[in-house]
$ cat final10.cif   # mmCIF, C-alpha atoms
data_protein
#
loop_
_atom_site.label_atom_id
_atom_site.label_comp_id
_atom_site.auth_asym_id
_atom_site.auth_seq_id
_atom_site.Cartn_x
_atom_site.Cartn_y
_atom_site.Cartn_z
CA GLN A 1 13.15 -3.03 15.02
CA VAL A 2 11.22 -1.28 12.30
CA GLN A 3 7.51 -1.88 12.09
CA LEU A 4 5.15 -0.73 9.39
CA VAL A 5 1.63 0.01 10.52
CA GLU A 6 -1.21 0.28 8.03
CA SER A 7 -4.47 2.03 8.73
CA GLY A 8 -7.57 3.14 6.89
CA GLY A 9 -9.06 -0.15 5.80
CA GLY A 10 -12.67 -1.02 6.29
CA LEU A 11 -15.99 -1.79 4.67
CA VAL A 12 -17.24 0.40 1.85
CA GLN A 13 -19.89 0.14 -0.82
CA ALA A 14 -18.98 -0.21 -4.45
CA GLY A 15 -18.17 3.17 -5.92
CA GLY A 16 -16.91 4.48 -2.62
CA SER A 17 -13.47 5.60 -1.53
CA LEU A 18 -10.91 4.70 1.09
CA THR A 19 -7.52 6.08 1.99
CA LEU A 20 -4.88 3.71 3.30
CA SER A 21 -1.90 5.01 5.22
CA CYS A 22 1.32 3.34 6.27
CA ALA A 23 3.78 4.67 8.78
CA ALA A 24 7.10 3.35 9.98
CA SER A 25 7.72 3.05 13.70
CA THR A 26 11.24 4.38 13.31
CA ARG A 27 13.13 6.23 10.65
CA ILE A 28 14.11 4.17 7.60
CA PHE A 29 17.10 5.43 5.68
CA ASN A 30 17.97 5.03 2.03
CA ILE A 31 14.48 4.10 0.92
CA SER A 32 14.35 3.13 -2.74
CA SER A 33 10.65 2.40 -3.05
CA MET A 34 7.40 2.29 -1.15
CA ALA A 35 4.48 0.22 -2.34
CA TRP A 36 1.09 -1.27 -1.68
CA TYR A 37 0.30 -4.91 -2.36
CA ARG A 38 -2.89 -6.83 -1.84
CA GLN A 39 -3.92 -10.41 -1.40
CA ALA A 40 -7.42 -11.74 -1.84
CA PRO A 41 -8.43 -15.14 -0.46
CA GLY A 42 -7.06 -17.91 -2.63
CA ASN A 43 -4.91 -15.52 -4.64
CA GLN A 44 -1.25 -14.61 -4.61
CA ARG A 45 -0.10 -11.30 -3.26
CA GLU A 46 -0.01 -8.75 -6.08
CA LEU A 47 1.45 -5.31 -6.54
CA VAL A 48 -1.12 -2.54 -6.57
CA ALA A 49 1.04 0.58 -6.74
CA ILE A 50 4.65 1.55 -6.20
CA ILE A 51 6.42 4.88 -5.86
CA THR A 52 10.16 5.45 -6.05
CA SER A 53 12.27 7.79 -3.99
CA GLY A 54 12.12 10.23 -6.84
CA GLY A 55 8.35 10.22 -6.86
CA SER A 56 7.76 8.11 -9.95
CA ALA A 57 4.66 5.98 -9.56
CA ASN A 58 3.45 2.86 -11.31
CA TYR A 59 0.18 1.04 -10.98
CA ALA A 60 -1.34 -2.32 -11.69
CA GLU A 61 -3.70 -2.16 -14.63
CA SER A 62 -6.62 -2.75 -12.29
CA ALA A 63 -5.65 0.31 -10.25
CA LYS A 64 -4.89 2.80 -13.00
CA GLY A 65 -7.19 5.79 -13.02
CA ARG A 66 -8.74 4.87 -9.68
CA PHE A 67 -5.90 4.67 -7.16
CA THR A 68 -3.22 7.21 -6.31
CA ILE A 69 -0.09 6.48 -4.33
CA SER A 70 1.86 9.21 -2.58
CA ARG A 71 4.68 9.40 -0.09
CA ASP A 72 6.14 11.73 2.47
CA ASN A 73 9.87 11.22 2.56
CA ASP A 74 10.33 13.22 5.73
CA LYS A 75 7.72 11.30 7.67
CA ASN A 76 8.41 7.90 6.10
CA THR A 77 4.76 7.47 5.22
CA VAL A 78 3.01 6.20 2.13
CA THR A 79 -0.64 6.66 1.28
CA LEU A 80 -2.97 4.96 -1.16
CA GLN A 81 -6.06 6.88 -2.17
CA MET A 82 -8.60 4.47 -3.61
CA ASN A 83 -11.62 5.75 -5.52
CA SER A 84 -14.40 4.05 -7.45
CA LEU A 85 -13.87 0.88 -5.47
CA LYS A 86 -15.15 -2.40 -6.84
CA PRO A 87 -16.00 -5.67 -5.10
CA GLU A 88 -12.94 -7.22 -6.76
CA ASP A 89 -10.77 -4.77 -4.82
CA THR A 90 -11.64 -6.71 -1.68
CA ALA A 91 -8.40 -7.96 -0.14
CA VAL A 92 -5.88 -7.50 2.61
CA TYR A 93 -3.66 -4.57 1.65
CA TYR A 94 -0.01 -4.60 2.68
CA CYS A 95 2.49 -1.80 2.85
CA ASN A 96 6.03 -2.50 1.64
CA VAL A 97 9.14 -0.36 2.05
CA VAL A 98 12.39 -1.28 0.36
CA SER A 99 15.62 0.25 1.55
CA SER A 100 19.25 -0.48 0.81
CA MET A 101 19.29 -2.78 3.84
CA TRP A 102 15.96 -4.57 3.92
CA SER A 103 12.45 -5.05 2.62
CA TYR A 104 9.87 -4.25 5.28
CA TRP A 105 6.27 -5.41 5.36
CA GLY A 106 3.27 -4.35 7.36
CA ARG A 107 0.75 -6.79 8.77
CA GLY A 108 -1.98 -5.67 6.44
CA THR A 109 -5.32 -3.94 6.60
CA GLN A 110 -8.57 -5.44 5.36
CA VAL A 111 -10.50 -3.69 2.63
CA THR A 112 -13.96 -5.03 1.87
CA VAL A 113 -16.08 -3.62 -0.93
CA SER A 114 -19.72 -4.63 -0.97
CA SER A 115 -21.78 -4.73 -4.13
#
$ encode --input "final10.cif" --output "structure tokens"
Amino acid sequence: QVQLVESGGGLVQAGGSLTLSCAASTRIFNISSMAWYRQAPGNQRELVAIITSGGSANYAESAKGRFTISRDNDKNTVTLQMNSLKPEDTAVYYCNVVSSMWSYWGRGTQVTVSS
């Protein structure tokens, strides 16, 4: 059973940086995309950034210019570098991996940005 484990969340002041990482417990084959979503209290889960198997990345407007997503195909890991964090970035961040067989989700990691 594949598990995705996120790490790197925490408490940071506005303007600070955090790096989130996500690793799969076992090898996932035929990955089409890897992504980060977030969900703030009372809000729906939203896409933050996504990267395809070919390395093409797309970002939510709120993340453009501040966040960078990257992946390691050999290690089945995806990373989200978050800079210039704002209080509105506070949320639980979830890792998502889509393969030809399934869509996998992590349990989430809390990011809290204080003003």
$ atom_distance --input "final10.cif" --atom1 "CA of Gly65 (chain A)" --atom2 "CA of Thr52 (chain A)"
18.7 Å
$ residues_around --input "final10.cif" --residues "Ser103 (chain A)" --least-positions-apart "2" --cutoff "10 Å" --atoms "all atoms listed in the file" --output "PyMOL selection string"
chain A and resi 31-34+96-101+105
$ residues_near_point --input "final10.cif" --point "(-1.3, 8.0, 2.0)" --cutoff "7 Å" --atoms "only C-alpha atoms" --output "list of chain:residue names"
A:Thr19, A:Leu20, A:Ser21, A:Cys22, A:Ile69, A:Ser70, A:Arg71, A:Thr77, A:Val78, A:Thr79, A:Leu80, A:Gln81
$ write_last_selection --input "final10.cif" --atoms "C-alpha atoms" --output "compact mmCIF listing (two decimals), keeping the file's coordinate frame"
# COMPACT_ATOMS: atom_id res chain seq x y z
CA THR A 19 -7.52 6.08 1.99
CA LEU A 20 -4.88 3.71 3.30
CA SER A 21 -1.90 5.01 5.22
CA CYS A 22 1.32 3.34 6.27
CA ILE A 69 -0.09 6.48 -4.33
CA SER A 70 1.86 9.21 -2.58
CA ARG A 71 4.68 9.40 -0.09
CA THR A 77 4.76 7.47 5.22
CA VAL A 78 3.01 6.20 2.13
CA THR A 79 -0.64 6.66 1.28
CA LEU A 80 -2.97 4.96 -1.16
CA GLN A 81 -6.06 6.88 -2.17
$ residues_around --input "final10.cif" --residues "Tyr59 (chain A)" --least-positions-apart "3" --cutoff "12 Å" --atoms "all atoms listed in the file" --output "list in words"
Ala35, Trp36, Tyr37, Glu46, Leu47, Val48, Ala49, Ile50, Ile51, Thr52, Ser56, Ser62, Ala63, Lys64, Gly65, Arg66, Phe67, Thr68, Ile69, Ser70, Leu80 and Met82 of chain A
$ closest_residue --input "final10.cif" --among "A:Asn83, A:Ser115, A:Thr109, A:Thr90" --to "Pro41 (chain A)" --atoms "all atoms listed in the file"
A:Thr90
$ resolve_selection --input "final10.cif" --expression "the PyMOL selection byres ((chain A and resi 38) around 6)" --output "PyMOL selection string"
chain A and resi 37+39+45-46+91-94
$ atom_distance --input "final10.cif" --atom1 "CA of Gly42 (chain A)" --atom2 "CA of Trp102 (chain A)"
27.4 Å
$ residues_around --input "final10.cif" --residues "Gln3 (chain A)" --least-positions-apart "3" --cutoff "8 Å" --atoms "only C-alpha atoms" --output "PyMOL selection string"
chain A and resi 24-26+104-106
$ write_last_selection --input "final10.cif" --atoms "C-alpha atoms" --output "JSON list (two decimals), in the coordinates of the input"
[["chain", "number", "residue", "atom", "x", "y", "z"],
["A", 24, "ALA", "CA", 7.10, 3.35, 9.98],
["A", 25, "SER", "CA", 7.72, 3.05, 13.70],
["A", 26, "THR", "CA", 11.24, 4.38, 13.31],
["A", 104, "TYR", "CA", 9.87, -4.25, 5.28],
["A", 105, "TRP", "CA", 6.27, -5.41, 5.36],
["A", 106, "GLY", "CA", 3.27, -4.35, 7.36]]
$ atom_distance --input "final10.cif" --atom1 "CA of Thr112 (chain A)" --atom2 "CA of Ser84 (chain A)"
13.0 Å
